file data-v2.tsv (TSV, C-alpha atoms)
chain	number	residue	atom	x	y	z
A	1	MET	CA	86.58	118.10	125.62
A	2	LYS	CA	88.88	120.72	124.07
A	3	MET	CA	87.51	122.21	120.86
A	4	ASN	CA	89.70	123.23	117.91
A	5	ALA	CA	89.67	127.03	117.52
A	6	ASN	CA	88.79	126.81	113.84
A	7	ARG	CA	85.97	124.38	114.58
A	8	LYS	CA	84.54	126.76	117.18
A	9	MET	CA	84.69	129.59	114.68
A	10	ASP	CA	82.85	127.44	112.12
A	11	MET	CA	80.10	126.77	114.65
A	12	ASP	CA	79.82	130.47	115.37
A	13	ILE	CA	79.49	131.13	111.64
A	14	ASN	CA	76.85	128.45	111.17
A	15	LEU	CA	74.81	129.74	114.07
A	16	THR	CA	75.03	133.39	113.13
A	17	SER	CA	71.76	134.74	111.85
A	18	GLY	CA	73.03	138.25	111.23
A	19	LYS	CA	75.88	139.46	109.07
A	20	VAL	CA	79.11	137.50	108.85
A	21	ASP	CA	82.44	139.31	109.19
A	22	LEU	CA	84.32	138.13	106.09
A	23	ASN	CA	87.62	139.22	107.64
A	24	THR	CA	87.31	136.35	110.09
A	25	LEU	CA	86.75	133.67	107.43
A	26	GLU	CA	90.27	132.30	107.23
A	27	PRO	CA	90.24	128.64	106.13
A	28	PRO	CA	92.02	126.14	108.35
A	29	PRO	CA	95.47	124.97	107.15
A	30	SER	CA	94.06	121.49	106.58
A	31	VAL	CA	92.19	122.79	103.52
A	32	ALA	CA	95.51	122.67	101.67
A	33	ALA	CA	95.63	118.87	101.91
A	34	ILE	CA	92.23	118.58	100.21
A	35	ARG	CA	93.20	121.08	97.54
A	36	ARG	CA	96.34	119.11	96.74
A	37	ILE	CA	94.21	116.03	96.12
A	38	GLY	CA	91.85	118.11	94.00
A	39	ASP	CA	94.83	119.33	91.97
A	40	GLY	CA	95.67	115.70	91.22
A	41	PHE	CA	92.19	115.24	89.75
A	42	LYS	CA	92.67	118.38	87.66
A	43	ALA	CA	96.02	117.11	86.37
A	44	PHE	CA	94.30	113.86	85.38
A	45	GLN	CA	91.67	115.84	83.46
A	46	VAL	CA	94.37	117.84	81.67
A	47	LEU	CA	95.99	114.58	80.51
A	48	ARG	CA	92.64	113.12	79.45
A	49	ALA	CA	91.76	116.25	77.50
A	50	GLY	CA	95.12	116.05	75.74
A	51	TYR	CA	94.16	112.61	74.48
A	52	LYS	CA	90.50	113.40	73.75
A	53	SER	CA	91.19	116.64	71.90
A	54	GLY	CA	93.65	114.95	69.57
A	55	LEU	CA	96.37	117.39	70.62
A	56	PHE	CA	99.10	114.78	71.13
A	57	ASP	CA	98.54	113.07	67.78
A	58	TRP	CA	98.36	116.47	66.05
A	59	LEU	CA	101.63	117.65	67.59
A	60	GLU	CA	103.32	114.41	66.56
A	61	ARG	CA	102.36	115.15	62.97
A	62	TYR	CA	102.60	118.94	62.76
A	63	GLY	CA	104.64	120.12	65.73
A	64	PRO	CA	106.42	122.31	66.66
A	65	ALA	CA	103.44	124.64	66.25
A	66	GLU	CA	102.33	127.96	67.68
A	67	LYS	CA	99.27	128.34	69.86
A	68	SER	CA	97.22	129.99	67.12
A	69	ALA	CA	97.77	127.09	64.74
A	70	ILE	CA	96.82	124.58	67.44
A	71	ALA	CA	93.63	126.49	68.26
A	72	ALA	CA	92.57	126.77	64.62
A	73	SER	CA	93.30	123.18	63.67
A	74	LEU	CA	91.77	121.52	66.74
A	75	ARG	CA	89.01	124.11	67.33
A	76	LEU	CA	90.13	124.73	70.90
A	77	ARG	CA	89.15	127.85	72.87
A	78	GLY	CA	91.92	130.37	72.54
A	79	ASN	CA	91.02	132.09	75.81
A	80	HIS	CA	91.99	129.00	77.79
A	81	LEU	CA	94.45	127.29	75.48
A	82	GLY	CA	97.46	129.00	77.02
A	83	GLY	CA	96.68	127.63	80.47
A	84	PHE	CA	95.94	124.18	79.07
A	85	LEU	CA	99.22	124.01	77.18
A	86	GLN	CA	101.11	125.38	80.18
A	87	ALA	CA	99.60	122.67	82.40
A	88	LEU	CA	100.76	120.01	79.93
A	89	GLU	CA	104.18	121.63	79.85
A	90	ASP	CA	104.30	121.72	83.65
A	91	ALA	CA	103.57	117.98	83.62
A	92	GLY	CA	106.50	117.34	81.30
A	93	LEU	CA	104.33	116.10	78.45
A	94	ILE	CA	105.04	118.87	75.94
A	95	VAL	CA	107.78	121.47	75.51
A	96	ARG	CA	107.80	125.04	74.21
A	97	GLN	CA	110.57	126.79	72.36
A	98	ASN	CA	110.30	130.24	70.76
A	99	GLY	CA	106.53	130.17	71.19
A	100	ALA	CA	106.09	126.83	69.40
A	101	TYR	CA	104.88	123.64	71.12
A	102	ALA	CA	106.00	120.04	70.54
A	103	LEU	CA	105.82	116.72	72.34
A	104	ALA	CA	108.46	116.27	75.01
A	105	GLN	CA	111.28	113.93	74.09
A	106	GLU	CA	110.29	110.23	74.16
A	107	MET	CA	106.71	111.03	75.20
A	108	SER	CA	105.19	110.10	71.84
A	109	ASP	CA	105.44	106.42	72.86
A	110	VAL	CA	102.79	106.89	75.56
A	111	LEU	CA	100.83	109.83	74.15
A	112	CYS	CA	100.23	109.03	70.47
A	113	ALA	CA	97.76	106.57	68.99
A	114	THR	CA	100.39	105.35	66.52
A	115	SER	CA	102.29	103.71	69.39
A	116	PRO	CA	101.26	100.35	70.89
A	117	TRP	CA	102.19	101.84	74.29
A	118	CYS	CA	99.74	104.77	74.04
A	119	GLN	CA	98.02	105.06	77.42
A	120	ALA	CA	94.77	106.65	76.21
A	121	LYS	CA	92.80	103.40	76.64
A	122	VAL	CA	94.18	102.96	80.16
A	123	ILE	CA	92.89	106.43	81.06
A	124	ASP	CA	89.50	105.78	79.43
A	125	ASN	CA	89.24	102.44	81.23
A	126	LEU	CA	89.24	104.23	84.59
A	127	TYR	CA	85.85	105.68	83.61
A	128	ASP	CA	84.40	102.36	82.48
A	129	SER	CA	81.60	101.01	84.69
A	130	SER	CA	83.51	97.72	85.02
A	131	CYS	CA	86.32	99.53	86.83
A	132	GLY	CA	86.02	100.23	90.54
A	133	TRP	CA	87.82	103.56	90.11
A	134	SER	CA	84.85	104.86	88.09
A	135	ASP	CA	82.73	104.69	91.26
A	136	LEU	CA	84.84	103.99	94.32
A	137	THR	CA	81.88	104.58	96.65
A	138	GLY	CA	79.99	101.84	94.86
A	139	PHE	CA	83.03	99.56	94.79
A	140	MET	CA	83.38	99.91	98.56
A	141	SER	CA	79.70	99.08	99.16
A	142	GLU	CA	78.58	95.61	100.20
A	143	GLY	CA	77.33	93.54	97.32
A	144	TRP	CA	79.15	95.50	94.60
A	145	THR	CA	79.42	93.80	91.24
A	146	PRO	CA	80.73	95.31	88.00
A	147	LYS	CA	77.94	96.77	85.88
A	148	THR	CA	79.64	95.58	82.72
A	149	ARG	CA	82.34	93.08	81.84
A	150	ALA	CA	85.85	94.56	81.82
A	151	LYS	CA	87.03	95.65	78.40
A	152	ALA	CA	89.94	93.75	76.94
A	153	LEU	CA	93.03	95.94	76.69
A	154	PRO	CA	95.82	95.36	74.17
A	155	LEU	CA	98.66	93.14	75.39
A	156	THR	CA	100.96	96.14	75.81
A	157	LEU	CA	98.47	97.71	78.23
A	158	HIS	CA	97.46	94.57	80.12
A	159	PRO	CA	97.64	95.32	83.87
A	160	PHE	CA	99.36	91.97	84.54
A	161	LEU	CA	101.97	92.29	81.78
A	162	GLY	CA	104.78	93.19	84.17
A	163	GLU	CA	103.74	90.49	86.65
A	164	ALA	CA	103.74	87.80	83.95
A	165	ARG	CA	107.07	88.85	82.42
A	166	ARG	CA	108.81	89.00	85.80
A	167	LEU	CA	107.58	85.55	86.84
A	168	VAL	CA	108.69	83.97	83.57
A	169	ALA	CA	112.11	85.61	83.89
A	170	TYR	CA	112.37	84.34	87.48
A	171	LEU	CA	111.47	80.78	86.47
A	172	ALA	CA	113.97	80.90	83.60
A	173	THR	CA	116.85	81.93	85.86
A	174	SER	CA	115.98	80.45	89.26
A	175	ARG	CA	114.14	77.17	88.58
A	176	ASP	CA	115.01	74.21	86.38
A	177	LEU	CA	112.31	73.72	83.77
A	178	SER	CA	114.61	72.16	81.17
A	179	LEU	CA	112.89	68.77	81.38
A	180	VAL	CA	109.33	70.09	81.61
A	181	ARG	CA	107.17	69.13	78.65
A	182	ASN	CA	103.60	69.40	79.92
A	183	LEU	CA	102.57	72.36	82.07
A	184	LEU	CA	99.28	73.19	83.80
A	185	CYS	CA	98.67	76.93	84.27
A	186	PHE	CA	95.80	78.35	86.32
A	187	ASP	CA	96.05	81.82	84.85
A	188	GLY	CA	94.47	84.78	86.63
A	189	ASP	CA	95.39	87.17	83.82
A	190	ASN	CA	93.46	85.55	80.95
A	191	GLY	CA	96.30	83.61	79.39
A	192	LEU	CA	99.03	86.24	79.39
A	193	LEU	CA	101.31	84.17	81.63
A	194	ALA	CA	100.59	80.98	79.69
A	195	ALA	CA	101.60	82.69	76.44
A	196	ALA	CA	104.78	84.04	78.00
A	197	LEU	CA	105.66	80.60	79.38
A	198	CYS	CA	105.20	79.00	75.95
A	199	GLN	CA	107.43	81.61	74.34
A	200	GLN	CA	110.16	81.26	76.95
A	201	PHE	CA	110.12	77.46	77.24
A	202	THR	CA	109.80	76.33	73.64
A	203	ASN	CA	109.58	72.60	74.40
A	204	VAL	CA	106.58	72.99	76.69
A	205	ARG	CA	102.92	72.42	75.91
A	206	VAL	CA	100.57	74.35	78.19
A	207	THR	CA	97.04	73.69	79.36
A	208	VAL	CA	95.74	77.05	80.59
A	209	VAL	CA	92.74	77.12	82.91
A	210	VAL	CA	90.62	80.28	83.21
A	211	MET	CA	87.16	81.26	84.39
A	212	PRO	CA	84.38	80.53	81.85
A	213	ASP	CA	83.77	84.22	81.10
A	214	ALA	CA	87.45	84.66	80.24
A	215	LEU	CA	87.63	81.88	77.63
A	216	ALA	CA	87.13	84.07	74.54
A	217	HIS	CA	89.65	86.72	75.65
A	218	THR	CA	92.19	84.05	76.60
A	219	GLU	CA	91.86	82.31	73.25
A	220	GLU	CA	92.38	85.68	71.55
A	221	ILE	CA	95.59	86.30	73.52
A	222	ILE	CA	96.91	82.83	72.72
A	223	ALA	CA	96.08	83.22	69.02
A	224	THR	CA	97.61	86.71	68.87
A	225	SER	CA	100.79	85.25	70.35
A	226	GLY	CA	100.87	82.55	67.66
A	227	LEU	CA	100.60	79.74	70.20
A	228	ALA	CA	97.29	78.06	69.42
A	229	GLY	CA	99.12	74.87	68.48
A	230	ARG	CA	100.92	74.55	71.83
A	231	CYS	CA	98.45	76.05	74.27
A	232	ARG	CA	95.08	74.50	75.10
A	233	VAL	CA	92.48	76.71	76.82
A	234	VAL	CA	89.87	75.21	79.15
A	235	ALA	CA	87.43	76.61	81.69
A	236	GLY	CA	87.74	75.75	85.37
A	237	THR	CA	89.07	76.72	88.79
A	238	PRO	CA	91.88	75.45	91.05
A	239	LEU	CA	89.22	73.84	93.24
A	240	ASP	CA	88.08	71.58	90.42
A	241	PRO	CA	90.82	71.05	87.80
A	242	PRO	CA	89.07	70.37	84.47
A	243	THR	CA	91.43	67.60	83.39
A	244	ALA	CA	92.53	64.22	84.71
A	245	GLU	CA	95.86	64.50	82.89
A	246	LEU	CA	99.11	64.57	84.88
A	247	PHE	CA	101.68	67.33	84.42
A	248	ASP	CA	105.41	67.91	84.95
A	249	TYR	CA	104.80	71.42	86.25
A	250	ALA	CA	101.90	73.51	87.52
A	251	VAL	CA	101.57	77.25	88.06
A	252	LEU	CA	98.93	79.06	90.09
A	253	PHE	CA	99.10	82.69	88.99
A	254	HIS	CA	96.83	85.12	90.88
A	255	ASN	CA	94.09	82.52	90.66
A	256	LEU	CA	93.39	81.46	94.25
A	257	TYR	CA	91.55	84.62	95.28
A	258	SER	CA	88.15	83.46	94.01
A	259	VAL	CA	88.46	80.17	95.94
A	260	ARG	CA	90.32	81.57	98.94
A	261	LYS	CA	87.92	79.92	101.39
A	262	PHE	CA	88.84	76.55	99.90
A	263	THR	CA	92.59	77.05	99.53
A	264	ALA	CA	93.51	73.73	101.18
A	265	ASN	CA	91.16	71.76	98.92
A	266	SER	CA	92.40	73.64	95.85
A	267	LEU	CA	96.05	72.92	96.60
A	268	ALA	CA	95.27	69.25	97.18
A	269	ALA	CA	93.38	69.07	93.87
A	270	ILE	CA	96.28	70.62	91.96
A	271	ALA	CA	98.84	68.43	93.74
A	272	SER	CA	96.92	65.41	92.47
A	273	ARG	CA	97.54	66.59	88.90
A	274	LEU	CA	101.35	66.54	89.27
A	275	LEU	CA	103.56	63.70	88.14
A	276	PRO	CA	106.01	62.32	90.74
A	277	GLY	CA	108.81	64.86	91.11
A	278	GLY	CA	106.73	67.60	89.47
A	279	GLU	CA	106.81	71.12	90.89
A	280	LEU	CA	104.05	73.57	91.79
A	281	CYS	CA	104.67	77.33	91.66
A	282	CYS	CA	102.20	79.70	93.32
A	283	ALA	CA	102.33	83.46	92.71
A	284	HIS	CA	99.90	85.62	94.68
A	285	TRP	CA	99.52	88.80	96.69
A	286	PHE	CA	99.19	88.42	100.45
A	287	CYS	CA	98.03	90.93	103.03
A	288	LEU	CA	100.06	91.80	106.09
A	289	GLU	CA	99.63	90.01	109.40
A	290	ALA	CA	96.11	90.44	110.83
A	291	CYS	CA	95.19	92.21	107.56
A	292	GLU	CA	97.02	95.31	108.74
A	293	THR	CA	97.88	97.99	106.19
A	294	ALA	CA	101.01	100.00	105.47
A	295	PRO	CA	101.77	103.01	103.26
A	296	GLY	CA	100.77	102.15	99.71
A	297	GLY	CA	96.99	102.04	100.01
A	298	MET	CA	96.48	102.96	96.35
A	299	ARG	CA	98.35	99.80	95.34
A	300	ASP	CA	96.14	97.74	97.64
A	301	LEU	CA	93.03	99.22	96.03
A	302	ASP	CA	94.46	98.54	92.58
A	303	LYS	CA	95.02	94.90	93.51
A	304	GLY	CA	91.51	94.65	94.89
A	305	MET	CA	90.04	95.99	91.67
A	306	LEU	CA	92.14	93.73	89.47
A	307	THR	CA	91.03	90.63	91.37
A	308	ASN	CA	87.71	91.81	92.89
A	309	SER	CA	88.95	90.11	96.04
A	310	HIS	CA	90.94	90.58	99.18
A	311	GLN	CA	94.55	89.43	99.01
A	312	LEU	CA	95.33	86.01	100.45
A	313	CYS	CA	95.94	85.87	104.20
A	314	HIS	CA	98.54	84.19	106.45
A	315	VAL	CA	101.57	84.01	104.20
A	316	GLU	CA	103.44	82.51	107.15
A	317	GLN	CA	101.18	79.43	106.99
A	318	PHE	CA	101.15	78.86	103.22
A	319	CYS	CA	104.15	76.51	103.15
A	320	LYS	CA	102.37	74.39	105.75
A	321	CYS	CA	99.30	74.34	103.49
A	322	LEU	CA	101.46	72.97	100.69
A	323	ASP	CA	102.79	70.27	103.02
A	324	GLU	CA	99.27	69.32	104.04
A	325	ALA	CA	98.32	69.06	100.35
A	326	GLY	CA	100.82	66.20	100.07
A	327	LEU	CA	103.70	68.20	98.60
A	328	ILE	CA	107.25	68.39	99.97
A	329	ASN	CA	110.21	70.78	100.18
A	330	ALA	CA	108.04	73.89	100.29
A	331	GLU	CA	109.92	77.17	99.95
A	332	ARG	CA	109.12	80.83	99.48
A	333	ASP	CA	110.49	83.94	97.76
A	334	ASP	CA	109.46	87.51	96.91
A	335	LEU	CA	109.06	89.02	93.46
A	336	ALA	CA	108.95	92.82	93.57
A	337	GLY	CA	106.73	94.69	91.12
A	338	GLU	CA	104.60	97.77	90.57
A	339	TYR	CA	101.91	96.43	92.92
A	340	GLY	CA	104.36	95.51	95.68
A	341	ASN	CA	105.77	92.08	96.43
A	342	THR	CA	104.23	89.01	94.84
A	343	LYS	CA	104.78	86.04	97.13
A	344	LEU	CA	106.18	83.00	95.34
A	345	HIS	CA	105.81	79.53	96.83
A	346	PHE	CA	107.26	76.29	95.45
A	347	ALA	CA	106.75	72.66	96.41
A	348	HIS	CA	107.21	69.23	94.81
A	349	CYS	CA	105.20	66.11	94.38
A	350	PRO	CA	107.13	63.27	96.08
A	351	ALA	CA	109.14	61.20	93.62
A	352	SER	CA	108.23	57.58	93.02
A	353	GLU	CA	110.05	55.04	95.16

call {"tool": "encode", "arguments": {"input": "data-v2.tsv", "output": "structure tokens"}}
result
Amino acid sequence: MKMNANRKMDMDINLTSGKVDLNTLEPPPSVAAIRRIGDGFKAFQVLRAGYKSGLFDWLERYGPAEKSAIAASLRLRGNHLGGFLQALEDAGLIVRQNGAYALAQEMSDVLCATSPWCQAKVIDNLYDSSCGWSDLTGFMSEGWTPKTRAKALPLTLHPFLGEARRLVAYLATSRDLSLVRNLLCFDGDNGLLAAALCQQFTNVRVTVVVMPDALAHTEEIIATSGLAGRCRVVAGTPLDPPTAELFDYAVLFHNLYSVRKFTANSLAAIASRLLPGGELCCAHWFCLEACETAPGGMRDLDKGMLTNSHQLCHVEQFCKCLDEAGLINAERDDLAGEYGNTKLHFAHCPASE
């Protein structure tokens, strides 16, 4: 077996009991790849410190300001402040002109606490024990469960906000919901989609089904959206719909993952809740064939942490599953987003003869 020259040198170093010739200690080129990843962590810490120190909010109020004024007002170490500010400038978050620092144009929306789009809580959430990113080793271990319940983020920072808005826009332009009056929504994002559906389709009343531990957060989202009068929240799963009522339309939104082993039974249960001619829309992430991966592993990990589940499998068989559930005219489409393609499936309950 051929040994890498650098590896052989490392073994020689490890086994040397006498003096080591420092002139021979040249790191292998592959060290650069690890250092680049480490630099990403450092950049993250620079951003986090910008939030935690209050620098961004202070600059919004008092900037442009010189380094000495920043140091005195925020009690930051002058010896290192120059490098800290330069790192923020390198990242495009702040600008410097004639020795005075200010927020970069349009960055106050995501940097300052006065904006509903401030990302400080998103950054803090990565450290929360409920988030797999806070301990990826633990998350990857068999039997992992969150140590705490995930914190509720504001609607503007909800990780499914883009997914929900895109699906509603798709339904508004590509499907005919003009006659729908009663809609059943199995909502995997704690009512965000249900609220968006109510706001888009003003003649619709929605029954939104969520897991029992999501009831309070879902009710809060519905109330915040001013939809408590048109949106009923109940606990349940797709496997056991909590109502015997029949609906014109049903949506399964990122909700099958927890019952993935019983997908066929879940689809049959939901099909039984549709009125004749009613449509079912399913929106989920699917893995590649044979659970293969492709570039974009960070997105796959993000999806896993958002759902605490593997993506659904065998997208090529899902239309057949809808047929076997007693539905007809199954079809499929893609909805591109920040997490990759969400697979949309549609099918209808047969009309009455």

call {"tool": "closest_residue", "arguments": {"input": "data-v2.tsv", "among": "A:Asp109, A:Glu26, A:Asp39, A:Asp135", "to": "Thr156 (chain A)", "atoms": "only C-alpha atoms"}}
result
A:Asp109

call {"tool": "closest_residue", "arguments": {"input": "data-v2.tsv", "among": "A:His284, A:Arg96, A:Arg260, A:His254", "to": "Asn190 (chain A)", "atoms": "all atoms listed in the file"}}
result
A:His254

call {"tool": "residues_around", "arguments": {"input": "data-v2.tsv", "residues": "Asp57 (chain A)", "least_positions_apart": "4", "cutoff": "12 Å", "atoms": "only C-alpha atoms", "output": "PyMOL selection string"}}
result
chain A and resi 50-53+61-63+70+74+94+102-103+107-115+118+120

call {"tool": "write_last_selection", "arguments": {"input": "data-v2.tsv", "atoms": "C-alpha atoms", "output": "PDB file, in the frame of the given file"}}
result
ATOM      1  CA  GLY A  50      95.120 116.050  75.740  1.00  0.00           C
ATOM      2  CA  TYR A  51      94.160 112.610  74.480  1.00  0.00           C
ATOM      3  CA  LYS A  52      90.500 113.400  73.750  1.00  0.00           C
ATOM      4  CA  SER A  53      91.190 116.640  71.900  1.00  0.00           C
ATOM      5  CA  ARG A  61     102.360 115.150  62.970  1.00  0.00           C
ATOM      6  CA  TYR A  62     102.600 118.940  62.760  1.00  0.00           C
ATOM      7  CA  GLY A  63     104.640 120.120  65.730  1.00  0.00           C
ATOM      8  CA  ILE A  70      96.820 124.580  67.440  1.00  0.00           C
ATOM      9  CA  LEU A  74      91.770 121.520  66.740  1.00  0.00           C
ATOM     10  CA  ILE A  94     105.040 118.870  75.940  1.00  0.00           C
ATOM     11  CA  ALA A 102     106.000 120.040  70.540  1.00  0.00           C
ATOM     12  CA  LEU A 103     105.820 116.720  72.340  1.00  0.00           C
ATOM     13  CA  MET A 107     106.710 111.030  75.200  1.00  0.00           C
ATOM     14  CA  SER A 108     105.190 110.100  71.840  1.00  0.00           C
ATOM     15  CA  ASP A 109     105.440 106.420  72.860  1.00  0.00           C
ATOM     16  CA  VAL A 110     102.790 106.890  75.560  1.00  0.00           C
ATOM     17  CA  LEU A 111     100.830 109.830  74.150  1.00  0.00           C
ATOM     18  CA  CYS A 112     100.230 109.030  70.470  1.00  0.00           C
ATOM     19  CA  ALA A 113      97.760 106.570  68.990  1.00  0.00           C
ATOM     20  CA  THR A 114     100.390 105.350  66.520  1.00  0.00           C
ATOM     21  CA  SER A 115     102.290 103.710  69.390  1.00  0.00           C
ATOM     22  CA  CYS A 118      99.740 104.770  74.040  1.00  0.00           C
ATOM     23  CA  ALA A 120      94.770 106.650  76.210  1.00  0.00           C
TER      24      ALA A 120
END

call {"tool": "atom_distance", "arguments": {"input": "data-v2.tsv", "atom1": "CA of Gly99 (chain A)", "atom2": "CA of Gln119 (chain A)"}}
result
27.2 Å

call {"tool": "closest_residue", "arguments": {"input": "data-v2.tsv", "among": "A:Ser352, A:Ser174, A:Thr148, A:Ser129", "to": "Cys281 (chain A)", "atoms": "all atoms listed in the file"}}
result
A:Ser174

call {"tool": "atom_distance", "arguments": {"input": "data-v2.tsv", "atom1": "CA of Thr307 (chain A)", "atom2": "CA of His158 (chain A)"}}
result
13.5 Å

call {"tool": "atom_distance", "arguments": {"input": "data-v2.tsv", "atom1": "CA of Ser258 (chain A)", "atom2": "CA of Pro212 (chain A)"}}
result
13.1 Å
